[in-house]
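One file, structure_39.cif, carrying mmCIF, N, CA and C atoms:
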```
data_structure
loop_
_atom_site.label_atom_id
_atom_site.label_comp_id
_atom_site.auth_asym_id
_atom_site.auth_seq_id
_atom_site.Cartn_x
_atom_site.Cartn_y
_atom_site.Cartn_z
N MET O 295 35.82 -13.03 -23.38
CA MET O 295 35.88 -14.00 -22.32
C MET O 295 35.76 -15.40 -22.94
N PRO O 296 36.69 -16.30 -22.61
CA PRO O 296 36.64 -17.64 -23.19
C PRO O 296 35.45 -18.43 -22.63
N SER O 297 34.97 -19.30 -23.44
CA SER O 297 33.87 -20.17 -23.03
C SER O 297 34.44 -21.49 -22.53
N TYR O 298 33.95 -21.94 -21.41
CA TYR O 298 34.40 -23.21 -20.84
C TYR O 298 33.25 -24.20 -20.86
N GLU O 299 33.47 -25.29 -21.51
CA GLU O 299 32.49 -26.37 -21.55
C GLU O 299 32.99 -27.50 -20.65
N PRO O 300 32.19 -27.93 -19.70
CA PRO O 300 32.64 -29.02 -18.83
C PRO O 300 32.74 -30.32 -19.63
N ASN O 301 33.68 -31.14 -19.25
CA ASN O 301 33.83 -32.46 -19.84
C ASN O 301 33.18 -33.47 -18.91
N TYR O 302 32.22 -34.21 -19.41
CA TYR O 302 31.53 -35.18 -18.60
C TYR O 302 32.16 -36.55 -18.75
N VAL O 303 32.26 -37.26 -17.64
CA VAL O 303 32.71 -38.64 -17.71
C VAL O 303 31.67 -39.39 -18.52
N PRO O 304 32.08 -40.16 -19.53
CA PRO O 304 31.11 -40.76 -20.43
C PRO O 304 30.11 -41.70 -19.76
N ARG O 305 30.50 -42.32 -18.68
CA ARG O 305 29.59 -43.25 -18.03
C ARG O 305 29.15 -42.67 -16.69
N ALA O 306 27.87 -42.44 -16.57
CA ALA O 306 27.34 -41.90 -15.32
C ALA O 306 27.44 -42.95 -14.22
N LYS O 307 27.43 -42.48 -13.00
CA LYS O 307 27.44 -43.37 -11.84
C LYS O 307 26.08 -43.30 -11.16
N ILE O 308 25.88 -44.18 -10.22
CA ILE O 308 24.65 -44.16 -9.44
C ILE O 308 25.00 -43.72 -8.02
N ARG O 309 24.39 -42.63 -7.58
CA ARG O 309 24.60 -42.15 -6.22
C ARG O 309 23.54 -42.76 -5.31
N VAL O 310 24.01 -43.35 -4.22
CA VAL O 310 23.13 -43.86 -3.17
C VAL O 310 23.31 -42.94 -1.98
N GLU O 311 22.19 -42.43 -1.49
CA GLU O 311 22.20 -41.40 -0.45
C GLU O 311 21.29 -41.84 0.69
N VAL O 312 21.80 -41.79 1.92
CA VAL O 312 21.03 -42.19 3.09
C VAL O 312 20.91 -40.98 4.02
N HIS O 313 19.68 -40.62 4.34
CA HIS O 313 19.43 -39.57 5.33
C HIS O 313 19.26 -40.29 6.67
N PHE O 314 20.32 -40.25 7.46
CA PHE O 314 20.40 -41.03 8.69
C PHE O 314 20.04 -40.14 9.87
N PRO O 315 19.04 -40.54 10.67
CA PRO O 315 18.62 -39.70 11.80
C PRO O 315 19.74 -39.53 12.83
N LEU O 316 19.88 -38.33 13.32
CA LEU O 316 20.89 -38.03 14.33
C LEU O 316 20.28 -38.28 15.70
N ARG O 317 20.75 -39.33 16.35
CA ARG O 317 20.28 -39.68 17.69
C ARG O 317 21.50 -40.02 18.53
N TYR O 318 21.46 -39.62 19.78
CA TYR O 318 22.58 -39.91 20.68
C TYR O 318 22.25 -41.15 21.50
N VAL O 319 21.96 -42.20 20.77
CA VAL O 319 21.66 -43.51 21.34
C VAL O 319 22.72 -44.46 20.78
N PRO O 320 23.28 -45.33 21.59
CA PRO O 320 24.36 -46.19 21.09
C PRO O 320 24.04 -46.93 19.78
N ALA O 321 22.84 -47.43 19.64
CA ALA O 321 22.49 -48.18 18.41
C ALA O 321 22.60 -47.28 17.17
N TYR O 322 22.21 -46.03 17.29
CA TYR O 322 22.29 -45.11 16.15
C TYR O 322 23.74 -44.78 15.82
N GLN O 323 24.55 -44.53 16.84
CA GLN O 323 25.95 -44.22 16.63
C GLN O 323 26.66 -45.42 15.99
N PHE O 324 26.37 -46.61 16.49
CA PHE O 324 26.98 -47.82 15.95
C PHE O 324 26.62 -48.01 14.48
N HIS O 325 25.33 -47.87 14.15
CA HIS O 325 24.89 -48.12 12.78
C HIS O 325 25.33 -47.03 11.80
N LEU O 326 25.48 -45.81 12.27
CA LEU O 326 26.04 -44.76 11.41
C LEU O 326 27.49 -45.10 11.08
N CYS O 327 28.27 -45.49 12.08
CA CYS O 327 29.67 -45.89 11.83
C CYS O 327 29.71 -47.11 10.91
N TRP O 328 28.80 -48.05 11.13
CA TRP O 328 28.74 -49.25 10.27
C TRP O 328 28.45 -48.85 8.82
N LEU O 329 27.49 -47.93 8.62
CA LEU O 329 27.12 -47.50 7.27
C LEU O 329 28.30 -46.85 6.56
N VAL O 330 29.01 -45.99 7.25
CA VAL O 330 30.18 -45.32 6.67
C VAL O 330 31.24 -46.37 6.29
N ALA O 331 31.50 -47.32 7.19
CA ALA O 331 32.48 -48.37 6.90
C ALA O 331 32.01 -49.25 5.75
N GLU O 332 30.73 -49.57 5.72
CA GLU O 332 30.16 -50.42 4.66
C GLU O 332 30.34 -49.77 3.29
N LEU O 333 29.97 -48.51 3.16
CA LEU O 333 30.09 -47.84 1.87
C LEU O 333 31.55 -47.60 1.48
N THR O 334 32.38 -47.35 2.46
CA THR O 334 33.80 -47.17 2.18
C THR O 334 34.41 -48.48 1.69
N ARG O 335 34.10 -49.57 2.36
CA ARG O 335 34.64 -50.87 1.97
C ARG O 335 34.04 -51.34 0.66
N LEU O 336 32.74 -51.22 0.52
CA LEU O 336 32.03 -51.75 -0.64
C LEU O 336 32.28 -50.94 -1.90
N ARG O 337 32.31 -49.62 -1.79
CA ARG O 337 32.37 -48.76 -2.98
C ARG O 337 33.58 -47.85 -3.03
N GLY O 338 34.52 -48.02 -2.10
CA GLY O 338 35.76 -47.26 -2.17
C GLY O 338 35.72 -45.91 -1.49
N GLY O 339 34.60 -45.54 -0.90
CA GLY O 339 34.52 -44.28 -0.18
C GLY O 339 33.10 -43.77 -0.09
N CYS O 340 32.93 -42.78 0.74
CA CYS O 340 31.63 -42.13 0.88
C CYS O 340 31.85 -40.73 1.44
N THR O 341 30.82 -39.94 1.41
CA THR O 341 30.84 -38.59 1.98
C THR O 341 29.80 -38.55 3.09
N VAL O 342 30.15 -37.88 4.18
CA VAL O 342 29.25 -37.74 5.32
C VAL O 342 29.07 -36.26 5.61
N GLN O 343 27.84 -35.82 5.60
CA GLN O 343 27.51 -34.45 6.01
C GLN O 343 26.70 -34.60 7.29
N GLU O 344 27.26 -34.07 8.37
CA GLU O 344 26.66 -34.32 9.68
C GLU O 344 25.85 -33.13 10.19
N ASN O 345 24.87 -33.48 11.03
CA ASN O 345 24.07 -32.51 11.77
C ASN O 345 23.37 -31.50 10.87
N LEU O 346 22.70 -32.00 9.85
CA LEU O 346 21.92 -31.16 8.95
C LEU O 346 20.49 -31.07 9.44
N THR O 347 19.83 -30.01 9.09
CA THR O 347 18.42 -29.84 9.47
C THR O 347 17.52 -30.48 8.43
N GLY O 348 16.64 -31.33 8.89
CA GLY O 348 15.60 -31.88 8.05
C GLY O 348 14.25 -31.41 8.60
N LEU O 349 13.33 -31.13 7.72
CA LEU O 349 11.99 -30.71 8.15
C LEU O 349 10.95 -31.64 7.53
N TYR O 350 9.93 -31.94 8.29
CA TYR O 350 8.82 -32.71 7.74
C TYR O 350 7.52 -32.23 8.36
N GLN O 351 6.43 -32.54 7.70
CA GLN O 351 5.11 -32.10 8.14
C GLN O 351 4.52 -33.14 9.10
N SER O 352 4.10 -32.70 10.26
CA SER O 352 3.50 -33.60 11.24
C SER O 352 2.05 -33.89 10.87
N SER O 353 1.47 -34.85 11.55
CA SER O 353 0.06 -35.17 11.31
C SER O 353 -0.85 -34.01 11.73
N GLU O 354 -0.34 -33.11 12.58
CA GLU O 354 -1.09 -31.91 12.99
C GLU O 354 -0.85 -30.76 12.02
N ASN O 355 -0.20 -31.06 10.88
CA ASN O 355 0.06 -30.07 9.83
C ASN O 355 1.02 -28.97 10.29
N LYS O 356 1.97 -29.32 11.15
CA LYS O 356 2.99 -28.37 11.60
C LYS O 356 4.36 -28.90 11.20
N PRO O 357 5.26 -27.99 10.81
CA PRO O 357 6.62 -28.46 10.48
C PRO O 357 7.38 -28.90 11.74
N ILE O 358 8.07 -30.02 11.63
CA ILE O 358 8.88 -30.54 12.72
C ILE O 358 10.32 -30.62 12.22
N GLU O 359 11.23 -30.10 13.03
CA GLU O 359 12.64 -30.14 12.68
C GLU O 359 13.26 -31.43 13.19
N ASP O 360 14.08 -32.03 12.36
CA ASP O 360 14.79 -33.24 12.73
C ASP O 360 16.22 -33.08 12.27
N ARG O 361 17.17 -33.60 13.01
CA ARG O 361 18.58 -33.52 12.64
C ARG O 361 18.98 -34.84 11.98
N VAL O 362 19.74 -34.74 10.89
CA VAL O 362 20.16 -35.92 10.15
C VAL O 362 21.62 -35.79 9.74
N SER O 363 22.21 -36.93 9.45
CA SER O 363 23.49 -37.00 8.75
C SER O 363 23.17 -37.58 7.39
N VAL O 364 23.73 -36.99 6.35
CA VAL O 364 23.55 -37.51 5.00
C VAL O 364 24.84 -38.22 4.61
N VAL O 365 24.69 -39.50 4.28
CA VAL O 365 25.82 -40.32 3.88
C VAL O 365 25.57 -40.73 2.44
N TYR O 366 26.54 -40.45 1.55
CA TYR O 366 26.32 -40.87 0.16
C TYR O 366 27.60 -41.41 -0.45
N SER O 367 27.38 -42.26 -1.46
CA SER O 367 28.48 -42.88 -2.17
C SER O 367 28.07 -43.05 -3.63
N ASP O 368 29.04 -42.89 -4.52
CA ASP O 368 28.78 -43.06 -5.94
C ASP O 368 29.21 -44.47 -6.36
N PHE O 369 28.24 -45.25 -6.78
CA PHE O 369 28.49 -46.61 -7.22
C PHE O 369 28.95 -46.57 -8.67
N ASP O 370 29.94 -47.36 -9.00
CA ASP O 370 30.45 -47.42 -10.36
C ASP O 370 29.51 -48.30 -11.20
N MET O 371 28.32 -47.78 -11.39
CA MET O 371 27.26 -48.47 -12.12
C MET O 371 26.56 -47.45 -13.01
N ASP O 372 25.90 -47.92 -14.03
CA ASP O 372 25.25 -47.05 -15.01
C ASP O 372 23.73 -47.13 -14.84
N TRP O 373 23.11 -46.01 -14.50
CA TRP O 373 21.66 -45.94 -14.28
C TRP O 373 20.89 -46.36 -15.53
N SER O 374 21.44 -46.07 -16.70
CA SER O 374 20.71 -46.39 -17.93
C SER O 374 20.73 -47.87 -18.27
N GLU O 375 21.53 -48.66 -17.55
CA GLU O 375 21.56 -50.11 -17.74
C GLU O 375 20.57 -50.74 -16.75
N PRO O 376 19.47 -51.32 -17.25
CA PRO O 376 18.44 -51.84 -16.34
C PRO O 376 18.96 -52.81 -15.27
N ALA O 377 19.87 -53.69 -15.61
CA ALA O 377 20.37 -54.66 -14.64
C ALA O 377 21.17 -53.98 -13.54
N GLN O 378 21.98 -52.99 -13.90
CA GLN O 378 22.77 -52.27 -12.91
C GLN O 378 21.89 -51.40 -12.03
N ARG O 379 20.90 -50.75 -12.64
CA ARG O 379 19.95 -49.94 -11.86
C ARG O 379 19.21 -50.84 -10.87
N ALA O 380 18.75 -52.01 -11.34
CA ALA O 380 18.02 -52.94 -10.47
C ALA O 380 18.91 -53.42 -9.32
N GLU O 381 20.18 -53.67 -9.60
CA GLU O 381 21.10 -54.11 -8.55
C GLU O 381 21.28 -53.02 -7.49
N ALA O 382 21.44 -51.78 -7.92
CA ALA O 382 21.59 -50.67 -6.97
C ALA O 382 20.33 -50.48 -6.14
N LEU O 383 19.17 -50.55 -6.78
CA LEU O 383 17.91 -50.38 -6.06
C LEU O 383 17.65 -51.53 -5.09
N ALA O 384 18.06 -52.74 -5.47
CA ALA O 384 17.92 -53.89 -4.57
C ALA O 384 18.82 -53.71 -3.35
N TYR O 385 20.02 -53.19 -3.56
CA TYR O 385 20.91 -52.90 -2.44
C TYR O 385 20.25 -51.88 -1.50
N CYS O 386 19.66 -50.84 -2.08
CA CYS O 386 19.00 -49.81 -1.27
C CYS O 386 17.85 -50.40 -0.45
N ALA O 387 17.06 -51.27 -1.06
CA ALA O 387 15.93 -51.89 -0.36
C ALA O 387 16.43 -52.77 0.78
N THR O 388 17.49 -53.54 0.54
CA THR O 388 18.06 -54.39 1.58
C THR O 388 18.62 -53.55 2.71
N LEU O 389 19.33 -52.48 2.36
CA LEU O 389 19.89 -51.57 3.37
C LEU O 389 18.79 -50.94 4.21
N LYS O 390 17.73 -50.48 3.56
CA LYS O 390 16.63 -49.86 4.29
C LYS O 390 15.97 -50.84 5.25
N GLN O 391 15.75 -52.07 4.80
CA GLN O 391 15.14 -53.08 5.66
C GLN O 391 16.04 -53.36 6.87
N PHE O 392 17.34 -53.50 6.63
CA PHE O 392 18.30 -53.73 7.71
C PHE O 392 18.25 -52.60 8.74
N LEU O 393 18.27 -51.36 8.28
CA LEU O 393 18.25 -50.23 9.21
C LEU O 393 16.93 -50.13 9.96
N LYS O 394 15.82 -50.38 9.28
CA LYS O 394 14.52 -50.33 9.96
C LYS O 394 14.42 -51.38 11.05
N GLU O 395 15.00 -52.55 10.80
CA GLU O 395 14.96 -53.61 11.81
C GLU O 395 15.85 -53.30 13.01
N ASN O 396 16.90 -52.52 12.81
CA ASN O 396 17.86 -52.26 13.87
C ASN O 396 17.72 -50.89 14.53
N LEU O 397 16.98 -49.99 13.91
CA LEU O 397 16.76 -48.65 14.48
C LEU O 397 15.27 -48.48 14.74
N TRP O 398 14.83 -49.06 15.80
CA TRP O 398 13.41 -49.20 16.10
C TRP O 398 12.70 -47.89 16.38
N GLU O 399 13.42 -46.80 16.68
CA GLU O 399 12.75 -45.55 17.02
C GLU O 399 12.28 -44.76 15.81
N GLU O 400 12.72 -45.11 14.64
CA GLU O 400 12.40 -44.33 13.44
C GLU O 400 11.19 -44.87 12.70
N GLU O 401 10.35 -43.97 12.23
CA GLU O 401 9.24 -44.37 11.37
C GLU O 401 9.73 -44.55 9.94
N GLU O 402 10.65 -43.72 9.51
CA GLU O 402 11.09 -43.75 8.11
C GLU O 402 12.55 -43.33 8.01
N ILE O 403 13.28 -44.02 7.17
CA ILE O 403 14.64 -43.65 6.84
C ILE O 403 14.67 -43.44 5.33
N LEU O 404 15.09 -42.26 4.90
CA LEU O 404 15.11 -41.95 3.48
C LEU O 404 16.40 -42.46 2.85
N ILE O 405 16.25 -43.30 1.85
CA ILE O 405 17.37 -43.76 1.03
C ILE O 405 16.98 -43.50 -0.41
N SER O 406 17.87 -42.84 -1.13
CA SER O 406 17.57 -42.56 -2.52
C SER O 406 18.73 -43.00 -3.40
N ALA O 407 18.42 -43.26 -4.65
CA ALA O 407 19.42 -43.61 -5.65
C ALA O 407 19.06 -42.85 -6.92
N TYR O 408 20.08 -42.30 -7.57
CA TYR O 408 19.83 -41.52 -8.78
C TYR O 408 21.12 -41.41 -9.60
N PRO O 409 21.00 -41.12 -10.89
CA PRO O 409 22.20 -41.02 -11.72
C PRO O 409 22.93 -39.71 -11.47
N VAL O 410 24.26 -39.79 -11.50
CA VAL O 410 25.10 -38.59 -11.43
C VAL O 410 26.20 -38.72 -12.46
N ALA O 411 26.67 -37.60 -12.97
CA ALA O 411 27.80 -37.58 -13.88
C ALA O 411 28.86 -36.66 -13.28
N HIS O 412 30.07 -37.14 -13.18
CA HIS O 412 31.15 -36.34 -12.63
C HIS O 412 31.75 -35.48 -13.73
N VAL O 413 32.06 -34.25 -13.42
CA VAL O 413 32.60 -33.30 -14.38
C VAL O 413 34.10 -33.18 -14.14
N SER O 414 34.86 -33.23 -15.22
CA SER O 414 36.31 -33.05 -15.10
C SER O 414 36.67 -31.66 -15.62
N PRO O 415 37.80 -31.11 -15.15
CA PRO O 415 38.17 -29.74 -15.56
C PRO O 415 38.48 -29.63 -17.03
#
```
Show me the file's structure as structure tokens.
Amino acid sequence: MPSYEPNYVPRAKIRVEVHFPLRYVPAYQFHLCWLVAELTRLRGGCTVQENLTGLYQSSENKPIEDRVSVVYSDFDMDWSEPAQRAEALAYCATLKQFLKENLWEEEEILISAYPVAHVSP
């Protein structure tokens, strides 16, 4: 059986991922559409996974189910470069602040950034 070694793109990208709460309130629908348009315009595209189950621990120590959409985009930036990493993290902080100010019903919105490497055939 032949061995296949994946070829990695030499420069890793930075993935920015937003766990967006699923709410049927106009402000949430508007801001989800805005986020998708923002990442598509700013970074050339994004992926949206809708109606996923999220679980978290309540203050009463019981699991609570929450529905989320996960929106992510790969920024053409290198995590190992401190200036590029700082720029991506600053964008995430600004985005989180903007969403918290406009989505008043949420206690927390998860936004993460991390390095990814795309594999070619």
Original post:
Interatomic distance between atom N of Val410 (chain O) and CA of Asp360 (chain O)?
Top reply: 26.8 Å
**OP:** Determine the residue set returned by the PyMOL selection byres ((chain O and resi 315) around 6) for the present structure, and present it as a list in words.
**Re:**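 On the file shown, the PyMOL selection byres ((chain O and resi 315) around 6) covers His313, Phe314, Leu316, Arg317, Arg361, Val362 and Ser363 of chain O.
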Original post:
Between O:Val312, O:Pro409, O:Asp372, O:Lys307, which is the closest to Lys390 (chain O) once you count only C-alpha atoms?
Top reply: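 Closest candidate: O:Val312.
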**OP:** Going by DSSP on the backbone, which bits of chain O are strand (DSSP E or B)? Write them as JSON, numbers by chain, please.
**Re:** {"O": [301, 302, 307, 308, 309, 310, 311, 312, 313, 314, 315, 341, 342, 343, 344, 345, 346, 347, 348, 349, 350, 351, 357, 358, 359, 360, 361, 362, 363, 364, 365, 366, 367, 368, 369, 404, 405, 406, 407, 408, 409, 410, 413, 414]}
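Closest to Glu402 (chain O) among O:Tyr318, O:Phe324, O:Tyr350, O:Trp373 is O:Tyr350, based on only C-alpha atoms.
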**OP:** Evaluate the PyMOL selection byres (((chain O and resi 365 and name CA) around 9) and name CA) on the structure here and hand back the selected residues as number ranges by chain.
**Re:** O: 310-314, 326, 329-330, 333, 340-344, 363-364, 366-367
Original post:
For Ala380 (chain O), which residue out of O:Tyr408, O:Val319, O:Ile403, O:Asn345 is the nearest one, using only C-alpha atoms?
Top reply: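 Under the stated criterion, the closest residue is O:Tyr408.
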Original post:
Which residues match the PyMOL selection byres ((chain O and resi 370) around 7) in the file above, as a ChimeraX atom specification?
Top reply: /O:306-308,337,368-369,371-372
